[in-house]
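The file protein10.csv contains CSV, C-alpha atoms:
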chain,number,residue,atom,x,y,z
R,1,MET,CA,0.0,0.0,0.0
R,2,VAL,CA,2.8,2.4,1.0
R,3,ALA,CA,4.7,1.5,-2.2
R,4,ILE,CA,1.6,2.3,-4.3
R,5,ALA,CA,1.2,5.6,-2.6
R,6,ALA,CA,4.9,6.4,-3.1
R,7,ARG,CA,4.7,5.5,-6.7
R,8,GLY,CA,1.6,7.8,-7.0
R,9,ILE,CA,3.4,10.7,-5.5
R,10,TRP,CA,6.3,10.1,-7.9
R,11,GLY,CA,3.9,10.0,-10.8
R,12,VAL,CA,2.2,13.3,-9.8
R,13,SER,CA,5.6,15.0,-9.4
R,14,ILE,CA,6.9,13.8,-12.7
R,15,VAL,CA,3.7,15.0,-14.4
R,16,ILE,CA,4.1,18.4,-12.8
R,17,ALA,CA,7.7,18.5,-14.0
R,18,ILE,CA,6.7,17.5,-17.5
R,19,LEU,CA,4.1,20.3,-17.5
R,20,PHE,CA,6.7,22.9,-16.5
R,21,VAL,CA,9.0,21.7,-19.3
R,22,ALA,CA,6.2,21.6,-21.8
R,23,LEU,CA,5.2,25.2,-20.9
R,24,PHE,CA,8.6,26.6,-21.6
R,25,ILE,CA,9.0,24.5,-24.8
R,26,TYR,CA,5.7,25.9,-25.9
R,27,ILE,CA,6.9,29.4,-25.0
R,28,ALA,CA,10.1,28.8,-27.1
R,29,TYR,CA,7.9,27.6,-30.0
R,30,ASP,CA,5.7,30.7,-29.6
R,31,ILE,CA,8.7,33.0,-29.7
R,32,VAL,CA,10.4,31.3,-32.7
R,33,SER,CA,7.2,31.1,-34.7
R,34,LYS,CA,6.4,34.8,-34.1
R,35,GLY,CA,10.0,36.1,-34.5
R,36,ILE,CA,12.6,37.2,-32.0
R,37,GLY,CA,12.9,40.9,-33.1
R,38,PRO,CA,11.6,43.8,-30.9
R,39,ASP,CA,8.7,44.5,-33.2
R,40,LYS,CA,7.4,41.0,-32.6
R,41,ALA,CA,8.0,40.8,-28.8
R,42,SER,CA,4.6,42.4,-27.9
R,43,THR,CA,2.9,39.3,-29.5
R,44,TRP,CA,4.8,36.7,-27.5
R,45,LEU,CA,2.8,34.7,-24.9
R,46,VAL,CA,5.5,35.4,-22.2
R,47,THR,CA,5.2,39.2,-22.9
R,48,GLN,CA,1.4,39.4,-22.3
R,49,PRO,CA,1.6,40.0,-18.5
R,50,PHE,CA,3.9,43.0,-19.2
R,51,VAL,CA,1.7,44.3,-22.0
R,52,VAL,CA,-1.6,43.9,-20.0
R,53,LEU,CA,-0.4,45.3,-16.7
R,54,GLY,CA,1.9,48.0,-18.0
R,55,ARG,CA,5.2,49.5,-17.1
R,56,ASP,CA,4.1,51.3,-13.9
R,57,PHE,CA,2.8,48.1,-12.4
R,58,TRP,CA,5.9,46.1,-13.1
R,59,PHE,CA,8.2,49.0,-12.1
R,60,ALA,CA,6.5,49.1,-8.6
R,61,ILE,CA,6.6,45.3,-8.2
R,62,ALA,CA,10.2,45.0,-9.4
R,63,GLY,CA,11.2,47.9,-7.2
R,64,ILE,CA,10.0,46.0,-4.1
R,65,LEU,CA,11.9,42.8,-5.3
R,66,TRP,CA,15.0,44.9,-6.1
R,67,ILE,CA,15.1,46.3,-2.5
R,68,VAL,CA,14.4,42.8,-1.0
R,69,GLY,CA,17.0,41.2,-3.3
R,70,THR,CA,19.7,43.9,-2.5
R,71,VAL,CA,19.1,43.6,1.3
R,72,ILE,CA,19.4,39.8,1.0
R,73,PHE,CA,22.6,40.0,-1.0
R,74,ALA,CA,24.1,42.4,1.6
R,75,LEU,CA,23.0,40.2,4.5
R,76,GLU,CA,24.4,37.0,2.9
R,77,ILE,CA,27.7,38.5,2.0
R,78,SER,CA,28.1,40.0,5.5
R,79,GLY,CA,27.5,36.5,7.0
R,80,ARG,CA,23.9,36.8,8.0
R,81,THR,CA,20.7,35.2,6.7
R,82,ILE,CA,17.0,35.5,7.2
R,83,THR,CA,15.3,32.5,8.9
R,84,ARG,CA,11.9,32.0,10.5
R,85,ARG,CA,13.6,33.1,13.7
R,86,GLY,CA,14.7,36.4,12.1
R,87,ILE,CA,18.1,37.4,11.0
R,88,VAL,CA,20.8,35.0,12.3
R,89,LYS,CA,24.5,34.7,11.9
R,90,VAL,CA,25.9,32.1,9.5
R,91,ASP,CA,29.0,30.1,10.4
R,92,LEU,CA,30.5,30.5,7.0
R,93,ARG,CA,34.3,30.8,7.4
R,94,TRP,CA,35.2,31.9,3.9
R,95,ASP,CA,38.2,29.7,4.1
R,96,ALA,CA,40.3,28.3,1.2
R,97,VAL,CA,37.5,25.8,0.3
R,98,ASP,CA,34.7,28.4,0.2
R,99,VAL,CA,36.8,30.9,-1.8
R,100,SER,CA,37.9,28.1,-4.2
R,101,VAL,CA,34.3,27.1,-4.7
R,102,THR,CA,33.5,30.8,-5.5
R,103,ALA,CA,36.4,31.0,-8.0
R,104,LEU,CA,35.6,27.7,-9.6
R,105,THR,CA,31.9,28.4,-10.0
R,106,ALA,CA,32.8,31.8,-11.4
R,107,ALA,CA,35.0,30.2,-14.0
R,108,LEU,CA,32.5,27.5,-15.0
R,109,TYR,CA,29.6,29.9,-15.2
R,110,GLY,CA,31.5,32.7,-16.9
R,111,GLY,CA,33.1,30.3,-19.4
R,112,ALA,CA,29.8,28.6,-20.2
R,113,LEU,CA,28.0,31.9,-20.7
R,114,ALA,CA,30.8,33.4,-22.9
R,115,ALA,CA,31.1,30.3,-25.1
R,116,THR,CA,27.7,31.3,-26.6
R,117,GLY,CA,28.3,35.0,-26.3
R,118,GLY,CA,28.5,35.4,-30.0
R,119,ILE,CA,24.8,34.8,-30.4
R,120,PRO,CA,23.1,38.0,-29.3
R,121,ILE,CA,19.3,38.4,-28.8
R,122,ILE,CA,19.2,42.0,-27.7
R,123,PRO,CA,22.6,43.4,-28.9
R,124,GLY,CA,24.3,45.0,-25.9
R,125,PHE,CA,22.0,43.5,-23.3
R,126,THR,CA,21.5,39.7,-23.5
R,127,TRP,CA,22.3,36.6,-25.6
R,128,VAL,CA,21.4,32.9,-25.9
R,129,ARG,CA,22.6,31.5,-22.5
R,130,PRO,CA,22.5,27.7,-22.1
R,131,GLY,CA,25.1,28.2,-19.3
R,132,ASN,CA,22.2,29.6,-17.2
R,133,ALA,CA,21.4,26.0,-16.3
R,134,LEU,CA,24.4,26.1,-13.9
R,135,ALA,CA,23.2,29.1,-11.8
R,136,PRO,CA,20.5,27.4,-9.6
R,137,LEU,CA,22.7,24.3,-9.4
R,138,PHE,CA,25.6,26.2,-7.9
R,139,GLY,CA,23.3,27.8,-5.3
R,140,MET,CA,21.7,24.5,-4.4
R,141,LEU,CA,25.0,22.6,-4.1
R,142,PHE,CA,27.4,25.2,-2.7
R,143,GLY,CA,25.2,27.8,-1.0
R,144,VAL,CA,26.3,31.4,-0.8
R,145,PRO,CA,29.9,30.7,-2.2
R,146,GLY,CA,28.3,29.2,-5.3
R,147,ALA,CA,25.8,32.0,-5.6
R,148,LEU,CA,28.5,34.6,-5.4
R,149,GLY,CA,30.5,32.6,-8.0
R,150,THR,CA,27.5,32.9,-10.3
R,151,SER,CA,27.5,36.7,-9.8
R,152,ILE,CA,31.2,37.0,-10.6
R,153,GLY,CA,30.9,34.6,-13.6
R,154,ASN,CA,28.1,36.7,-15.1
R,155,PHE,CA,30.2,39.8,-14.7
R,156,ILE,CA,33.2,38.2,-16.4
R,157,ALA,CA,30.9,36.9,-19.2
R,158,ASP,CA,29.6,40.5,-19.6
R,159,ALA,CA,33.1,41.7,-20.2
R,160,LEU,CA,33.9,38.9,-22.7
R,161,THR,CA,30.7,39.5,-24.7
R,162,GLY,CA,30.7,43.3,-24.9
R,163,TYR,CA,27.8,43.7,-22.5
R,164,LEU,CA,29.7,45.2,-19.6
R,165,SER,CA,28.2,48.5,-18.4
R,166,ILE,CA,26.8,50.0,-15.3
R,167,GLY,CA,23.8,47.7,-16.0
R,168,SER,CA,26.1,44.8,-15.1
R,169,ILE,CA,25.7,45.7,-11.4
R,170,GLY,CA,22.1,44.7,-11.7
R,171,GLY,CA,23.2,41.5,-13.5
R,172,PHE,CA,25.7,40.8,-10.7
R,173,ILE,CA,23.0,40.7,-8.0
R,174,GLY,CA,20.3,39.3,-10.4
R,175,ASN,CA,22.4,36.3,-11.0
R,176,PHE,CA,23.1,35.9,-7.3
R,177,ILE,CA,19.3,35.7,-6.9
R,178,ILE,CA,18.9,32.9,-9.4
R,179,ALA,CA,21.3,30.8,-7.3
R,180,TRP,CA,20.1,32.0,-3.9
R,181,VAL,CA,16.4,31.3,-4.3
R,182,PRO,CA,16.6,27.5,-4.7
R,183,TYR,CA,19.4,27.4,-2.2
R,184,LYS,CA,17.3,29.1,0.4
R,185,PHE,CA,13.7,27.9,-0.2
R,186,MET,CA,14.2,24.3,-1.2
R,187,ARG,CA,14.4,21.8,1.6
R,188,ASP,CA,15.7,18.9,-0.5
R,189,HIS,CA,18.3,19.6,-3.1
R,190,SER,CA,18.9,15.9,-4.1
R,191,PHE,CA,16.6,15.7,-7.1
R,192,ARG,CA,15.9,12.2,-5.7
R,193,SER,CA,12.4,12.7,-4.2
R,194,PRO,CA,9.1,14.0,-5.5
R,195,ARG,CA,9.4,16.9,-3.0
R,196,SER,CA,12.8,17.9,-4.3
R,197,LEU,CA,11.5,17.8,-7.9
R,198,ILE,CA,8.4,19.9,-7.3
R,199,GLU,CA,10.3,22.4,-5.0
R,200,TYR,CA,12.9,22.8,-7.7
R,201,TYR,CA,10.5,23.6,-10.5
R,202,ILE,CA,8.7,26.2,-8.3
R,203,TRP,CA,11.7,27.9,-6.8
R,204,GLY,CA,14.6,27.1,-9.1
R,205,GLY,CA,12.7,26.9,-12.4
R,206,VAL,CA,10.1,29.7,-12.2
R,207,ILE,CA,10.4,32.1,-9.2
R,208,SER,CA,14.2,32.6,-9.5
R,209,SER,CA,14.0,33.3,-13.2
R,210,ILE,CA,11.2,35.9,-12.7
R,211,TRP,CA,12.9,37.5,-9.7
R,212,CYS,CA,16.2,37.8,-11.6
R,213,SER,CA,14.5,39.3,-14.7
R,214,LEU,CA,12.5,41.8,-12.7
R,215,TYR,CA,15.6,42.8,-10.6
R,216,ILE,CA,17.7,43.6,-13.7
R,217,SER,CA,14.8,45.2,-15.6
R,218,TRP,CA,14.1,47.6,-12.7
R,219,TRP,CA,17.8,48.6,-12.6
R,220,LEU,CA,17.8,49.1,-16.4
R,221,ASP,CA,14.6,51.1,-16.2
R,222,LEU,CA,15.9,53.3,-13.4
R,223,LEU,CA,19.1,54.0,-15.2
R,224,GLU,CA,17.5,54.4,-18.7
R,225,PRO,CA,19.0,57.9,-19.2
R,226,VAL,CA,22.6,56.6,-18.8
R,227,ILE,CA,22.2,52.9,-20.0
R,228,GLY,CA,20.1,53.8,-23.0
R,229,LEU,CA,17.8,50.8,-23.4
R,230,PRO,CA,14.3,52.4,-23.9
R,231,ARG,CA,11.8,51.6,-21.1
R,232,ALA,CA,9.4,50.1,-23.7
R,233,LEU,CA,12.1,47.5,-24.6
R,234,VAL,CA,13.0,46.9,-21.0
R,235,TRP,CA,9.5,45.7,-20.1
R,236,GLY,CA,8.3,44.7,-23.5
R,237,TRP,CA,11.3,42.7,-24.7
R,238,PHE,CA,14.2,42.3,-22.2
R,239,ALA,CA,12.2,41.2,-19.1
R,240,PRO,CA,10.1,38.5,-20.8
R,241,TRP,CA,13.1,37.3,-22.8
R,242,VAL,CA,15.3,37.0,-19.6
R,243,ILE,CA,12.5,35.0,-17.9
R,244,PHE,CA,12.3,32.6,-20.9
R,245,ASN,CA,16.1,32.5,-21.5
R,246,ASN,CA,16.6,31.4,-17.8
R,247,ALA,CA,13.6,29.1,-17.4
R,248,VAL,CA,14.0,27.2,-20.6
R,249,VAL,CA,17.3,25.8,-19.5
R,250,THR,CA,16.7,25.7,-15.8
R,251,THR,CA,13.6,23.6,-16.3
R,252,THR,CA,15.2,21.1,-18.7
R,253,LEU,CA,19.0,20.8,-18.2
R,254,THR,CA,19.4,21.7,-14.5
R,255,PRO,CA,17.5,18.8,-13.0
R,256,ILE,CA,19.6,16.3,-15.0
R,257,LEU,CA,22.9,18.0,-14.0
R,258,GLY,CA,21.6,18.2,-10.4
R,259,TYR,CA,20.7,14.5,-10.3
R,260,LEU,CA,24.2,13.6,-11.6
R,261,LEU,CA,26.3,16.0,-9.4
R,262,TYR,CA,24.5,16.0,-6.0
R,263,GLN,CA,25.8,12.6,-4.8
R,264,PRO,CA,29.5,13.1,-5.7
R,265,ILE,CA,29.6,16.6,-4.3
R,266,LYS,CA,27.9,15.5,-1.1
R,267,MET,CA,30.2,12.5,-0.7
R,268,ARG,CA,33.2,14.8,-0.8
R,269,GLY,CA,31.8,17.1,1.8
R,270,LEU,CA,31.3,20.1,-0.5
R,271,TYR,CA,27.5,20.2,-0.1
R,272,TRP,CA,26.7,23.4,1.8
R,273,LYS,CA,24.5,21.8,4.4
R,274,ASP,CA,27.5,19.7,5.5
R,275,ARG,CA,29.7,22.8,5.8
R,276,ILE,CA,27.6,25.6,7.1
R,277,ARG,CA,25.9,26.0,10.4
R,278,PHE,CA,23.4,28.7,11.5
R,279,ALA,CA,23.8,30.3,14.9
R,280,SER,CA,20.9,29.6,17.2
G,1,MET,CA,34.0,56.4,-19.9
G,2,VAL,CA,32.8,57.7,-16.4
G,3,TYR,CA,31.1,54.3,-15.9
G,4,ASP,CA,34.3,52.4,-16.8
G,5,ILE,CA,36.0,54.3,-14.0
G,6,VAL,CA,33.1,53.7,-11.6
G,7,LEU,CA,33.2,49.9,-12.3
G,8,THR,CA,37.0,49.8,-12.0
G,9,ALA,CA,36.9,51.8,-8.8
G,10,ILE,CA,34.4,49.3,-7.2
G,11,GLY,CA,36.9,46.4,-8.0
G,12,VAL,CA,39.9,48.4,-6.6
G,13,ILE,CA,37.9,49.3,-3.4
G,14,VAL,CA,36.9,45.7,-2.8
G,15,LEU,CA,40.5,44.5,-3.4
G,16,LEU,CA,42.0,47.1,-1.1
G,17,ALA,CA,39.3,46.3,1.6
G,18,GLY,CA,40.4,42.6,1.4
G,19,LEU,CA,44.0,43.5,1.8
G,20,ALA,CA,43.2,45.8,4.7
G,21,MET,CA,41.2,43.0,6.3
G,22,PHE,CA,44.2,40.7,5.9
G,23,ALA,CA,46.4,43.2,7.6
G,24,MET,CA,44.0,43.5,10.4
G,25,LYS,CA,43.7,39.7,10.6
G,26,LYS,CA,39.9,39.8,10.0
G,27,SER,CA,38.0,36.8,8.7
G,28,GLY,CA,36.6,37.1,5.2
G,29,TRP,CA,39.7,38.8,3.7
G,30,MET,CA,40.2,36.0,1.2
G,31,LEU,CA,36.7,36.4,-0.1
G,32,ALA,CA,37.2,40.2,-0.6
G,33,VAL,CA,40.5,39.7,-2.3
G,34,ALA,CA,39.1,37.0,-4.6
G,35,VAL,CA,36.0,39.1,-5.5
G,36,GLY,CA,38.1,42.2,-6.1
G,37,ALA,CA,40.7,40.4,-8.2
G,38,LEU,CA,38.1,38.6,-10.3
G,39,TRP,CA,36.2,41.9,-10.8
G,40,LEU,CA,39.4,43.6,-11.9
G,41,LEU,CA,40.1,40.6,-14.2
G,42,ALA,CA,36.8,41.3,-15.9
G,43,MET,CA,37.7,45.0,-16.2
G,44,GLY,CA,41.1,44.0,-17.7
G,45,ILE,CA,39.3,41.8,-20.3
G,46,TYR,CA,37.0,44.7,-21.0
G,47,ALA,CA,40.0,47.1,-21.5
G,48,ALA,CA,41.8,44.5,-23.8
G,49,TYR,CA,38.7,43.9,-25.9
G,50,LYS,CA,38.1,47.6,-26.2
G,51,ALA,CA,41.7,48.2,-27.3
G,52,SER,CA,41.5,45.3,-29.8
G,53,GLY,CA,38.4,46.8,-31.4
G,54,PHE,CA,36.3,43.7,-30.6
G,55,TYR,CA,33.3,45.7,-29.3
G,56,GLY,CA,30.8,47.1,-31.7
G,57,PRO,CA,28.5,50.0,-30.8
G,58,VAL,CA,26.6,47.4,-28.7
G,59,GLY,CA,27.9,43.9,-27.9
G,60,LEU,CA,30.7,42.3,-30.0
G,61,ALA,CA,31.5,43.7,-33.5
G,62,ALA,CA,30.2,41.2,-36.0
G,63,GLY,CA,33.0,41.9,-38.5
G,64,SER,CA,35.8,41.6,-35.9
G,65,ALA,CA,37.5,38.5,-34.5
G,66,GLY,CA,35.6,39.3,-31.2
G,67,PRO,CA,32.9,36.6,-31.5
G,68,LEU,CA,35.3,33.8,-32.4
G,69,VAL,CA,37.9,34.9,-29.7
G,70,THR,CA,35.1,35.1,-27.1
G,71,THR,CA,33.8,31.6,-28.0
G,72,ILE,CA,37.3,30.2,-27.8
G,73,ILE,CA,38.1,31.9,-24.5
G,74,GLY,CA,34.7,30.9,-23.1
G,75,PHE,CA,35.3,27.3,-23.8
G,76,LEU,CA,38.9,27.5,-22.5
G,77,ILE,CA,37.8,29.0,-19.2
G,78,PHE,CA,34.9,26.5,-18.9
G,79,PHE,CA,37.2,23.5,-19.5
G,80,LEU,CA,39.9,24.9,-17.2
G,81,GLY,CA,37.1,25.3,-14.6
G,82,VAL,CA,36.0,21.7,-15.2
G,83,GLY,CA,39.6,20.5,-14.9
G,84,ALA,CA,40.2,22.4,-11.7
G,85,PHE,CA,36.8,21.2,-10.3
G,86,LEU,CA,37.7,17.6,-11.0
G,87,TYR,CA,41.2,18.1,-9.4
G,88,VAL,CA,39.5,19.5,-6.2
G,89,MET,CA,37.1,16.6,-6.1
G,90,ARG,CA,39.9,14.1,-6.5
G,91,LYS,CA,41.9,15.8,-3.8
G,92,ARG,CA,39.0,15.7,-1.4
G,93,ARG,CA,38.5,12.0,-2.0
G,94,GLY,CA,42.0,11.4,-0.7

File written out as structure tokens:
Amino acid sequence: MVAIAARGIWGVSIVIAILFVALFIYIAYDIVSKGIGPDKASTWLVTQPFVVLGRDFWFAIAGILWIVGTVIFALEISGRTITRRGIVKVDLRWDAVDVSVTALTAALYGGALAATGGIPIIPGFTWVRPGNALAPLFGMLFGVPGALGTSIGNFIADALTGYLSIGSIGGFIGNFIIAWVPYKFMRDHSFRSPRSLIEYYIWGGVISSIWCSLYISWWLDLLEPVIGLPRALVWGWFAPWVIFNNAVVTTTLTPILGYLLYQPIKMRGLYWKDRIRFAS
Amino acid sequence: MVYDIVLTAIGVIVLLAGLAMFAMKKSGWMLAVAVGALWLLAMGIYAAYKASGFYGPVGLAAGSAGPLVTTIIGFLIFFLGVGAFLYVMRKRRG
């Protein structure tokens, strides 16, 4: 009886996972069939929430997420984190292992992003980024050192691809958020249980992609006079594209990579839960 | 130009803060030094690409060697990262 129930839960979680993947494959089909150019972006399915609710609505929502994201980034880097008990200190030593993890994840993420940097989508602002699949993974496996490596990797990739500007500061923290959200909100990072799979698709596949996109978009909108991307393009093209560009690889490639890498990383004591303690 | 200076200044400040923390024997100095150094590495790449004419008005200049060089460097960094990662994993097994 228990085995049948367990199989049923697995079945439901796999169906949910397939629905997430199918949604983003459909969004990809929708974008390709309608055209990638800015003149077509308003017809994309993924753009409709931005078209219907308008720039002011999203600027307000994204502003709140920007403040929250920036506070979280500052707290985590200063060795504190938010828990149900409030803000607590984290016993993260930033020793040679943590710093090595940060540098290695920066190299892997930056290299993976730059390798496809010659395929621009919005020249000067974003490109086809299959390397994004690594971002949530680094947060889930390595915690804050992995998330910070993701930030630095994105910054290096911006330099290599001609996208480095004052807007890259938004990308720095935006990419931290992609890694931080599944690290913080998922209880099971193993990809070996129905709970882990469903948690991942909610936090790592969808919410982190949306938060990252809105974080960077708000920054680009605020600095429009100096950065130069028109506000209509920020919300009508950049924001939906970033959500899609992240989610299409984080819903398809990341769970496979996560399943393969979780066990060897945990066995070698590099998994963040085996290294980091929260002060009580 | 002003923004290049702002971005470079951020990297220099973080690096100097890390060195100051080291001098004061404060924990976290290694992180600040690593972040500052990698930030400045990115600015160095930016300066080298700019001098080489790899950048167009936005992004990489299509007619230049920029896209090819970037793809090669990207794969190189990625595979170096994979190699270093495997090395660390093997060391931790022992």

Separation of atom CA of R:Ile207 from atom CA of R:Gly69 in Å |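 One can read the atom CA of R:Gly69 to atom CA of R:Ile207 distance as 12.7 Å.
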
Pick from G:Val88, G:Leu16, G:Ala65, G:Val58 nearest to chain R, counting all atoms listed in the file |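 Using all atoms listed in the file, chain R sits closest to G:Val58.
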
For stretch 159-173 of chain R, work out the shell of residues within 7 Å, counting all atoms listed in the file and skipping chain neighbours fewer than 5 positions away, then give it as a list in words.
->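 Returned residues: Ala114, Gly117, Gly124, Phe125, Ser151, Ile152, Asn154, Tyr215, Ile216, Trp219, Leu220 and Ile227 of chain R; Tyr3, Ala42, Met43, Ile45, Tyr46, Tyr55, Val58, Gly59, Leu60 and Thr70 of chain G.
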
Create the file for the chosen residues now, containing C-alpha atoms and written as a CSV table (one decimal), in the coordinates of the input.
chain,number,residue,atom,x,y,z
R,114,ALA,CA,30.8,33.4,-22.9
R,117,GLY,CA,28.3,35.0,-26.3
R,124,GLY,CA,24.3,45.0,-25.9
R,125,PHE,CA,22.0,43.5,-23.3
R,151,SER,CA,27.5,36.7,-9.8
R,152,ILE,CA,31.2,37.0,-10.6
R,154,ASN,CA,28.1,36.7,-15.1
R,215,TYR,CA,15.6,42.8,-10.6
R,216,ILE,CA,17.7,43.6,-13.7
R,219,TRP,CA,17.8,48.6,-12.6
R,220,LEU,CA,17.8,49.1,-16.4
R,227,ILE,CA,22.2,52.9,-20.0
G,3,TYR,CA,31.1,54.3,-15.9
G,42,ALA,CA,36.8,41.3,-15.9
G,43,MET,CA,37.7,45.0,-16.2
G,45,ILE,CA,39.3,41.8,-20.3
G,46,TYR,CA,37.0,44.7,-21.0
G,55,TYR,CA,33.3,45.7,-29.3
G,58,VAL,CA,26.6,47.4,-28.7
G,59,GLY,CA,27.9,43.9,-27.9
G,60,LEU,CA,30.7,42.3,-30.0
G,70,THR,CA,35.1,35.1,-27.1

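Comparing the minimum interatomic distances between chain R and each of G:Tyr49, G:Phe22, G:Phe78, G:Trp29, counting only C-alpha atoms, we find that G:Phe78 sits nearest.
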
With distances taken over only C-alpha atoms, which of R:Thr150, R:Thr47, R:Ser33, R:Thr81 is nearest to chain G?
-> R:Thr150

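Here atom CA of R:Cys212 stands at a distance of 4.5 Å from atom CA of R:Gly174.
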
Pairwise distance for atom CA of R:Pro255 and atom CA of R:Val21, rounded to one decimal in Å = 11.0 Å

R:Arg277 environment, 10 Å, only C-alpha atoms, sequence neighbours closer than 6 positions dropped, as an MDAnalysis selection string | chainID R and resid 89:92
